[in-house]
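Read through the structure below, which is laid out as structure tokens, and then see the notes.
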Number of protein chains: 2
Amino acid sequence: MSRIGIVGLGLIGGSLGLDLRAQGHEVLGIARRRATCDRALKRGIADHSATDLTLLSEVDLIFLCTPIAAILPTLEQIIPHLHPDTIITDVASVKTPIVTAATTLWPYFLGGHPMAGTEQQGVEAAQRDLFQNAPYVLTPTAATPAEIIATLTPLIGQLQARCYHCSPAAHDRAVASISHLPVMLSASLIACQDTLDAETLPLAQALASSGFRDTSRVGGGNPELGVMMARYNRAALQAALQSYRQSLDRLSDQIEQEDWAGLTAMLQQTQTARRPFVAEDT
Amino acid sequence: MSRIGIVGLGLIGGSLGLDLRAQGHEVLGIARRRATCDRALKRGIADHSATDLTLLSEVDLIFLCTPIAAILPTLEQIIPHLHPDTIITDVASVKTPIVTAATTLWPYFLGGHPMAGTEQQGVEAAQRDLFQNAPYVLTPTAATPAEIIATLTPLIGQLQARCYHCSPAAHDRAVASISHLPVMLSASLIACQDTLDAETLPLAQALASSGFRDTSRVGGGNPELGVMMARYNRAALQAALQSYRQSLDRLSDQIEQEDWAGLTAMLQQTQTARRPFVAEDT
């Protein structure tokens, strides 16, 4: 049993609190607003809750669960209150910029990214078993003390998440390619519809079915989330966009040149290549 | 009540037979193989079924439900057996090349495209109410006799489909933009993953979730179907790809130039613009 601090009691922080308390840990929840602390206590998210950072002096381990822009400022704010051997992790969806800066400020920092969520946000959205069967990536560097990894990994196991370890850069390349790139190409698909002529646009809207719905889903999602991805993971996303553009060029050339054998081979390859990416899904 | 011929008794032709018979029409089914005719009779798809085209001399109206490549050759084969006032329609998913050639061969031709389907194919896949609430596009030209439209439209209504009328060219532009283009960009998303390095590729496969699954779905589908779209709707698809590339360039430039206000505006626009395309969905 550990004493665990959670800073930020929204969907992710709140859900961590529910699961960790159920595992017998003592959870101290920090939120900016008193009302959020009260709801967290009422919902069983935390054993103690306060807006006061001094509470964190008593914990062994801290999850930083604020929005990504607040992670580093929050870390700087809490440091004066901590015992020097407190382990800190975060839940931001991009790792290189966070881990680089955070490990300079606090050597006992290990970046993390639980890849779970719902459409809802805030303390009311927190739920048990949110992380069950979801990937949870830990991103140690060469400088990460082994004992932090040894402490955090079993805790992720208690959430019944699938725990992965990789470098912050590999994490950021992977999520750029399978999460952030799809948002950008999906948004471009929606955006280009507005060049259709006045006869065709309403027809296209009427005829669009599951193919368009699925391919456009992430491009029609939360704009702030899309901008956050591009902003914090810019280099990896740009590399992914460049690689994508080469694939699109190859395919466009095949159509231009009526190379139907080449296009058939490419579409057979994508049919096969997709499977390992969706194998975990039902 | 009409006497209706259906040539090709697969998913679409067979499902049309089931629904039209249920509405009291007499259905004459033509298939290439005797075994398919027997199954069609057993399943109640047709009142009479044969491999012999002379059966079509007795019908008022014919649905050509073969694969797209066989539509025009089939039309040429059946013409010698028909009364000159027989109405002919087809179900191919691209209209301009079919309608242009078919109306030259047979003035009583009106192109059609029922936009319904399942993953399954063949006579066993045929089912009642396949077209219910699905779009069914009829593509008259300036030369189409009004009586053909007046005969076919209520028949589509009996299938409980949503019937639309437009030019073959507008149909092809619309499906290029909302159906064929998504396949190509989705396939490109899958194809570009193979440029990931040896550390990142398995991680990307493990971390891929609903965003990747949805955006890659149509690009990992039936290769023959993708090639057919590109082949028959090449000009419209190329125009759609060009328009898409301009949207992608705009978005890439915003990321390159760190124009976060511009990217926010674009993603807010796509969030709003998507809605009329998915409004019919549950």
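If you're wondering about the labels, chains in the structure tokens are A, B, ... by order shown, residues count from 1 in each chain, ligands from 1 in order shown.
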For this session: Could you list, as an NGL selection string, the residues of chain B having an atom within 7 Å of chain A when counting only C-alpha atoms?
Result: :B and (135 or 170 or 173-175 or 177-179 or 182 or 185 or 187-193 or 199-200 or 203-208 or 211-215 or 218-221 or 223-224 or 227 or 230 or 243-244 or 247-248 or 255 or 260 or 263-264 or 267-268 or 270-271 or 273-274 or 276-278)
For this session: Can you pull out every residue within 8 Å of A:Leu53, counting only C-alpha atoms, but drop anything in the same chain fewer than 4 positions away, and send it as a PyMOL selection string?
Result: chain A and resi 30+78+81
Problem set entry | Selection near stretch 11-19 of chain A, 6 Å with only C-alpha atoms, sequence-local residues under 4 positions removed, as a PyMOL selection string | chain A and resi 45-46+65+121-123+125-128
Take the residues from that selection and put them in a file with all heavy atoms, as a PDB file, in the first residue's frame.
ATOM      1  N   ILE A  45     -13.235   9.130  -4.878  1.00  0.00           N
ATOM      2  CA  ILE A  45     -12.032   9.218  -5.712  1.00  0.00           C
ATOM      3  C   ILE A  45     -10.780   9.382  -4.851  1.00  0.00           C
ATOM      4  O   ILE A  45      -9.697   8.942  -5.229  1.00  0.00           O
ATOM      5  CB  ILE A  45     -12.190  10.396  -6.714  1.00  0.00           C
ATOM      6  CG1 ILE A  45     -13.176  10.006  -7.829  1.00  0.00           C
ATOM      7  CG2 ILE A  45     -10.860  10.868  -7.262  1.00  0.00           C
ATOM      8  CD1 ILE A  45     -13.621  11.146  -8.713  1.00  0.00           C
ATOM      9  N   ALA A  46     -10.931  10.035  -3.707  1.00  0.00           N
ATOM     10  CA  ALA A  46      -9.780  10.309  -2.834  1.00  0.00           C
ATOM     11  C   ALA A  46     -10.163  10.130  -1.367  1.00  0.00           C
ATOM     12  O   ALA A  46     -11.331  10.283  -0.999  1.00  0.00           O
ATOM     13  CB  ALA A  46      -9.277  11.735  -3.070  1.00  0.00           C
ATOM     14  N   CYS A  65      -2.041  14.833 -13.402  1.00  0.00           N
ATOM     15  CA  CYS A  65      -3.149  14.551 -14.333  1.00  0.00           C
ATOM     16  C   CYS A  65      -3.826  15.821 -14.829  1.00  0.00           C
ATOM     17  O   CYS A  65      -5.012  15.830 -15.152  1.00  0.00           O
ATOM     18  CB  CYS A  65      -4.172  13.652 -13.661  1.00  0.00           C
ATOM     19  SG  CYS A  65      -3.456  12.094 -13.075  1.00  0.00           S
ATOM     20  N   GLN A 121     -15.541  14.660 -19.933  1.00  0.00           N
ATOM     21  CA  GLN A 121     -14.406  15.180 -19.188  1.00  0.00           C
ATOM     22  C   GLN A 121     -14.855  15.571 -17.789  1.00  0.00           C
ATOM     23  O   GLN A 121     -16.034  15.670 -17.513  1.00  0.00           O
ATOM     24  CB  GLN A 121     -13.851  16.423 -19.904  1.00  0.00           C
ATOM     25  CG  GLN A 121     -13.231  16.089 -21.262  1.00  0.00           C
ATOM     26  CD  GLN A 121     -12.585  17.318 -21.898  1.00  0.00           C
ATOM     27  OE1 GLN A 121     -13.080  18.428 -21.751  1.00  0.00           O
ATOM     28  NE2 GLN A 121     -11.484  17.118 -22.590  1.00  0.00           N
ATOM     29  N   GLY A 122     -13.877  15.799 -16.905  1.00  0.00           N
ATOM     30  CA  GLY A 122     -14.185  16.323 -15.586  1.00  0.00           C
ATOM     31  C   GLY A 122     -14.405  15.241 -14.546  1.00  0.00           C
ATOM     32  O   GLY A 122     -14.480  14.052 -14.854  1.00  0.00           O
ATOM     33  N   VAL A 123     -14.512  15.681 -13.308  1.00  0.00           N
ATOM     34  CA  VAL A 123     -14.591  14.768 -12.158  1.00  0.00           C
ATOM     35  C   VAL A 123     -15.807  13.832 -12.236  1.00  0.00           C
ATOM     36  O   VAL A 123     -15.747  12.686 -11.810  1.00  0.00           O
ATOM     37  CB  VAL A 123     -14.554  15.554 -10.821  1.00  0.00           C
ATOM     38  CG1 VAL A 123     -15.815  16.393 -10.644  1.00  0.00           C
ATOM     39  CG2 VAL A 123     -14.352  14.626  -9.625  1.00  0.00           C
ATOM     40  N   ALA A 125     -16.961  12.498 -14.838  1.00  0.00           N
ATOM     41  CA  ALA A 125     -16.741  11.473 -15.868  1.00  0.00           C
ATOM     42  C   ALA A 125     -15.868  10.330 -15.367  1.00  0.00           C
ATOM     43  O   ALA A 125     -15.793   9.275 -15.999  1.00  0.00           O
ATOM     44  CB  ALA A 125     -16.123  12.102 -17.108  1.00  0.00           C
ATOM     45  N   ALA A 126     -15.206  10.531 -14.227  1.00  0.00           N
ATOM     46  CA  ALA A 126     -14.306   9.498 -13.692  1.00  0.00           C
ATOM     47  C   ALA A 126     -15.066   8.192 -13.473  1.00  0.00           C
ATOM     48  O   ALA A 126     -16.223   8.203 -13.055  1.00  0.00           O
ATOM     49  CB  ALA A 126     -13.703   9.978 -12.376  1.00  0.00           C
ATOM     50  N   GLN A 127     -14.435   7.074 -13.795  1.00  0.00           N
ATOM     51  CA  GLN A 127     -15.113   5.784 -13.644  1.00  0.00           C
ATOM     52  C   GLN A 127     -14.129   4.671 -13.304  1.00  0.00           C
ATOM     53  O   GLN A 127     -12.946   4.749 -13.628  1.00  0.00           O
ATOM     54  CB  GLN A 127     -15.865   5.447 -14.943  1.00  0.00           C
ATOM     55  CG  GLN A 127     -14.949   5.331 -16.158  1.00  0.00           C
ATOM     56  CD  GLN A 127     -15.718   5.048 -17.446  1.00  0.00           C
ATOM     57  OE1 GLN A 127     -16.501   5.875 -17.916  1.00  0.00           O
ATOM     58  NE2 GLN A 127     -15.516   3.885 -18.023  1.00  0.00           N
ATOM     59  N   ARG A 128     -14.644   3.632 -12.633  1.00  0.00           N
ATOM     60  CA  ARG A 128     -13.845   2.439 -12.330  1.00  0.00           C
ATOM     61  C   ARG A 128     -13.454   1.732 -13.621  1.00  0.00           C
ATOM     62  O   ARG A 128     -14.190   1.765 -14.604  1.00  0.00           O
ATOM     63  CB  ARG A 128     -14.666   1.457 -11.462  1.00  0.00           C
ATOM     64  CG  ARG A 128     -14.723   1.795  -9.975  1.00  0.00           C
ATOM     65  CD  ARG A 128     -13.375   1.652  -9.274  1.00  0.00           C
ATOM     66  NE  ARG A 128     -12.734   0.341  -9.456  1.00  0.00           N
ATOM     67  CZ  ARG A 128     -12.982  -0.726  -8.712  1.00  0.00           C
ATOM     68  NH1 ARG A 128     -13.817  -0.649  -7.715  1.00  0.00           N
ATOM     69  NH2 ARG A 128     -12.363  -1.868  -8.961  1.00  0.00           N
TER      70      ARG A 128
END
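Nearest to B:Thr100 of all the residues B:Ile62, B:Ala143, B:Leu130, B:Met229 is B:Ala143, counting only C-alpha atoms.
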Exercise. As a ChimeraX atom specification, which residues of stretch 122-252 of chain A does DSSP assign to strand (DSSP E or B)?
Worked result: /A:135-139,162-165
Could you write out the selected residues, including all heavy atoms, as a PDB file, in the first residue's frame?
ATOM      1  N   PRO A 135      -3.850   0.287 -23.383  1.00  0.00           N
ATOM      2  CA  PRO A 135      -2.401   0.441 -23.262  1.00  0.00           C
ATOM      3  C   PRO A 135      -2.067   1.537 -22.240  1.00  0.00           C
ATOM      4  O   PRO A 135      -2.792   2.536 -22.124  1.00  0.00           O
ATOM      5  CB  PRO A 135      -1.965   0.893 -24.658  1.00  0.00           C
ATOM      6  CG  PRO A 135      -3.128   0.644 -25.564  1.00  0.00           C
ATOM      7  CD  PRO A 135      -4.346   0.722 -24.703  1.00  0.00           C
ATOM      8  N   TYR A 136      -0.992   1.325 -21.487  1.00  0.00           N
ATOM      9  CA  TYR A 136      -0.467   2.349 -20.580  1.00  0.00           C
ATOM     10  C   TYR A 136       1.040   2.343 -20.811  1.00  0.00           C
ATOM     11  O   TYR A 136       1.724   1.393 -20.462  1.00  0.00           O
ATOM     12  CB  TYR A 136      -0.807   2.007 -19.127  1.00  0.00           C
ATOM     13  CG  TYR A 136      -0.682   3.174 -18.164  1.00  0.00           C
ATOM     14  CD1 TYR A 136      -1.776   3.599 -17.413  1.00  0.00           C
ATOM     15  CD2 TYR A 136       0.523   3.855 -17.994  1.00  0.00           C
ATOM     16  CE1 TYR A 136      -1.682   4.671 -16.518  1.00  0.00           C
ATOM     17  CE2 TYR A 136       0.632   4.919 -17.117  1.00  0.00           C
ATOM     18  CZ  TYR A 136      -0.479   5.327 -16.372  1.00  0.00           C
ATOM     19  OH  TYR A 136      -0.369   6.383 -15.508  1.00  0.00           O
ATOM     20  N   VAL A 137       1.543   3.421 -21.427  1.00  0.00           N
ATOM     21  CA  VAL A 137       2.949   3.460 -21.824  1.00  0.00           C
ATOM     22  C   VAL A 137       3.772   4.195 -20.770  1.00  0.00           C
ATOM     23  O   VAL A 137       3.409   5.298 -20.361  1.00  0.00           O
ATOM     24  CB  VAL A 137       3.131   4.166 -23.181  1.00  0.00           C
ATOM     25  CG1 VAL A 137       4.563   4.001 -23.676  1.00  0.00           C
ATOM     26  CG2 VAL A 137       2.143   3.620 -24.207  1.00  0.00           C
ATOM     27  N   LEU A 138       4.851   3.579 -20.325  1.00  0.00           N
ATOM     28  CA  LEU A 138       5.828   4.255 -19.476  1.00  0.00           C
ATOM     29  C   LEU A 138       7.055   4.528 -20.331  1.00  0.00           C
ATOM     30  O   LEU A 138       7.481   3.680 -21.117  1.00  0.00           O
ATOM     31  CB  LEU A 138       6.205   3.386 -18.267  1.00  0.00           C
ATOM     32  CG  LEU A 138       5.070   3.146 -17.258  1.00  0.00           C
ATOM     33  CD1 LEU A 138       5.535   2.195 -16.154  1.00  0.00           C
ATOM     34  CD2 LEU A 138       4.585   4.465 -16.654  1.00  0.00           C
ATOM     35  N   THR A 139       7.638   5.738 -20.177  1.00  0.00           N
ATOM     36  CA  THR A 139       8.724   6.136 -21.082  1.00  0.00           C
ATOM     37  C   THR A 139      10.001   6.481 -20.318  1.00  0.00           C
ATOM     38  O   THR A 139      10.378   7.649 -20.203  1.00  0.00           O
ATOM     39  CB  THR A 139       8.288   7.346 -21.936  1.00  0.00           C
ATOM     40  OG1 THR A 139       7.944   8.429 -21.060  1.00  0.00           O
ATOM     41  CG2 THR A 139       7.088   7.006 -22.803  1.00  0.00           C
ATOM     42  N   ARG A 162      -2.559  -2.679 -20.085  1.00  0.00           N
ATOM     43  CA  ARG A 162      -1.447  -3.350 -20.748  1.00  0.00           C
ATOM     44  C   ARG A 162      -0.260  -2.395 -20.709  1.00  0.00           C
ATOM     45  O   ARG A 162      -0.270  -1.370 -21.381  1.00  0.00           O
ATOM     46  CB  ARG A 162      -1.790  -3.666 -22.210  1.00  0.00           C
ATOM     47  CG  ARG A 162      -2.934  -4.656 -22.379  1.00  0.00           C
ATOM     48  CD  ARG A 162      -3.164  -5.000 -23.853  1.00  0.00           C
ATOM     49  NE  ARG A 162      -4.011  -4.034 -24.521  1.00  0.00           N
ATOM     50  CZ  ARG A 162      -3.704  -3.388 -25.632  1.00  0.00           C
ATOM     51  NH1 ARG A 162      -2.537  -3.591 -26.222  1.00  0.00           N
ATOM     52  NH2 ARG A 162      -4.547  -2.540 -26.179  1.00  0.00           N
ATOM     53  N   CYS A 163       0.741  -2.708 -19.898  1.00  0.00           N
ATOM     54  CA  CYS A 163       1.856  -1.777 -19.693  1.00  0.00           C
ATOM     55  C   CYS A 163       2.960  -1.977 -20.735  1.00  0.00           C
ATOM     56  O   CYS A 163       3.395  -3.093 -20.985  1.00  0.00           O
ATOM     57  CB  CYS A 163       2.418  -1.955 -18.290  1.00  0.00           C
ATOM     58  SG  CYS A 163       3.623  -0.680 -17.843  1.00  0.00           S
ATOM     59  N   TYR A 164       3.380  -0.885 -21.378  1.00  0.00           N
ATOM     60  CA  TYR A 164       4.500  -0.913 -22.329  1.00  0.00           C
ATOM     61  C   TYR A 164       5.585   0.037 -21.846  1.00  0.00           C
ATOM     62  O   TYR A 164       5.285   1.067 -21.244  1.00  0.00           O
ATOM     63  CB  TYR A 164       4.038  -0.485 -23.723  1.00  0.00           C
ATOM     64  CG  TYR A 164       2.998  -1.402 -24.310  1.00  0.00           C
ATOM     65  CD1 TYR A 164       1.640  -1.150 -24.119  1.00  0.00           C
ATOM     66  CD2 TYR A 164       3.369  -2.528 -25.037  1.00  0.00           C
ATOM     67  CE1 TYR A 164       0.678  -2.003 -24.652  1.00  0.00           C
ATOM     68  CE2 TYR A 164       2.413  -3.387 -25.564  1.00  0.00           C
ATOM     69  CZ  TYR A 164       1.073  -3.121 -25.370  1.00  0.00           C
ATOM     70  OH  TYR A 164       0.132  -3.970 -25.875  1.00  0.00           O
ATOM     71  N   HIS A 165       6.846  -0.334 -22.113  1.00  0.00           N
ATOM     72  CA  HIS A 165       7.974   0.550 -21.830  1.00  0.00           C
ATOM     73  C   HIS A 165       8.656   0.906 -23.142  1.00  0.00           C
ATOM     74  O   HIS A 165       8.949   0.020 -23.939  1.00  0.00           O
ATOM     75  CB  HIS A 165       9.006  -0.157 -20.931  1.00  0.00           C
ATOM     76  CG  HIS A 165       8.478  -0.486 -19.563  1.00  0.00           C
ATOM     77  ND1 HIS A 165       7.759  -1.629 -19.314  1.00  0.00           N
ATOM     78  CD2 HIS A 165       8.555   0.184 -18.382  1.00  0.00           C
ATOM     79  CE1 HIS A 165       7.413  -1.648 -18.019  1.00  0.00           C
ATOM     80  NE2 HIS A 165       7.877  -0.569 -17.436  1.00  0.00           N
TER      81      HIS A 165
END
What are the closest atom pairs, with distances in Å to one decimal, for each residue of stretch 106-143 of chain B lying within 8 Å of stretch 83-89 of chain B, using only C-alpha atoms, rows by chain and rising residue number, as a Markdown table?
| residue | atom | partner | partner_atom | distance |
| --- | --- | --- | --- | --- |
| B:Tyr108 | CA | B:Ile87 | CA | 5.1 |
| B:Phe109 | CA | B:Ile88 | CA | 4.8 |
| B:Leu110 | CA | B:Thr89 | CA | 5.0 |
| B:Gly111 | CA | B:Thr89 | CA | 5.3 |
| B:Gly112 | CA | B:Thr89 | CA | 6.1 |
For the residues in the current selection, export C-alpha atoms as a PDB file, in the first residue's frame.
ATOM      1  CA  TYR B 108     -35.113   2.935 -72.464  1.00  0.00           C
ATOM      2  CA  PHE B 109     -32.193   2.723 -70.060  1.00  0.00           C
ATOM      3  CA  LEU B 110     -32.039   4.578 -66.724  1.00  0.00           C
ATOM      4  CA  GLY B 111     -28.964   4.156 -64.540  1.00  0.00           C
ATOM      5  CA  GLY B 112     -29.393   3.342 -60.856  1.00  0.00           C
TER       6      GLY B 112
END
For this session: Would you work out the distance separating atom CA of B:Gly29 from atom CA of B:Leu56, expressed in Å to one decimal?
Result: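 For atom CA of B:Gly29 relative to atom CA of B:Leu56, the distance reads 9.0 Å.
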Seminar exercise, completed: Atom pair atom CA of A:Asp129 + atom CA of A:Gly44, distance 14.0 Å
For this session: Extract, using only C-alpha atoms, all DNA, RNA and protein residues at most 9 Å from stretch 34-36 of chain A, discarding same-chain residues fewer than 2 positions from it, and format them as a ChimeraX atom specification.
Result: /A:9-10,30-32,38-41,49-51,122-123
Expected file contents, prior selection, N, CA and C atoms, as a tab-separated table (two decimals), in the first residue's frame:
chain	number	residue	atom	x	y	z
A	9	LEU	N	-8.17	16.28	-10.88
A	9	LEU	CA	-9.16	15.21	-10.61
A	9	LEU	C	-10.23	15.17	-11.69
A	10	GLY	N	-9.80	15.16	-12.96
A	10	GLY	CA	-10.73	15.04	-14.07
A	10	GLY	C	-10.98	13.58	-14.42
A	30	ILE	N	-5.62	16.46	-5.32
A	30	ILE	CA	-5.46	17.92	-5.37
A	30	ILE	C	-6.21	18.46	-6.59
A	31	ALA	N	-7.02	19.48	-6.36
A	31	ALA	CA	-7.68	20.14	-7.49
A	31	ALA	C	-7.59	21.64	-7.26
A	32	ARG	N	-7.79	22.42	-8.32
A	32	ARG	CA	-7.71	23.87	-8.18
A	32	ARG	C	-8.93	24.43	-7.47
A	38	ASP	N	-14.54	18.49	-3.21
A	38	ASP	CA	-15.71	17.96	-2.50
A	38	ASP	C	-16.35	16.82	-3.30
A	39	ARG	N	-16.49	17.01	-4.61
A	39	ARG	CA	-17.08	15.95	-5.44
A	39	ARG	C	-16.20	14.72	-5.43
A	40	ALA	N	-14.87	14.92	-5.47
A	40	ALA	CA	-13.94	13.78	-5.47
A	40	ALA	C	-14.09	12.97	-4.19
A	41	LEU	N	-14.25	13.65	-3.07
A	41	LEU	CA	-14.44	12.95	-1.79
A	41	LEU	C	-15.77	12.19	-1.81
A	49	SER	N	-8.77	15.37	0.21
A	49	SER	CA	-8.71	16.20	-0.99
A	49	SER	C	-8.59	17.66	-0.59
A	50	ALA	N	-7.77	18.39	-1.31
A	50	ALA	CA	-7.54	19.78	-0.96
A	50	ALA	C	-7.07	20.55	-2.18
A	51	THR	N	-7.14	21.89	-2.07
A	51	THR	CA	-6.57	22.74	-3.11
A	51	THR	C	-5.13	23.11	-2.72
A	122	GLY	N	-13.88	15.80	-16.91
A	122	GLY	CA	-14.18	16.32	-15.59
A	122	GLY	C	-14.41	15.24	-14.55
A	123	VAL	N	-14.51	15.68	-13.31
A	123	VAL	CA	-14.59	14.77	-12.16
A	123	VAL	C	-15.81	13.83	-12.24
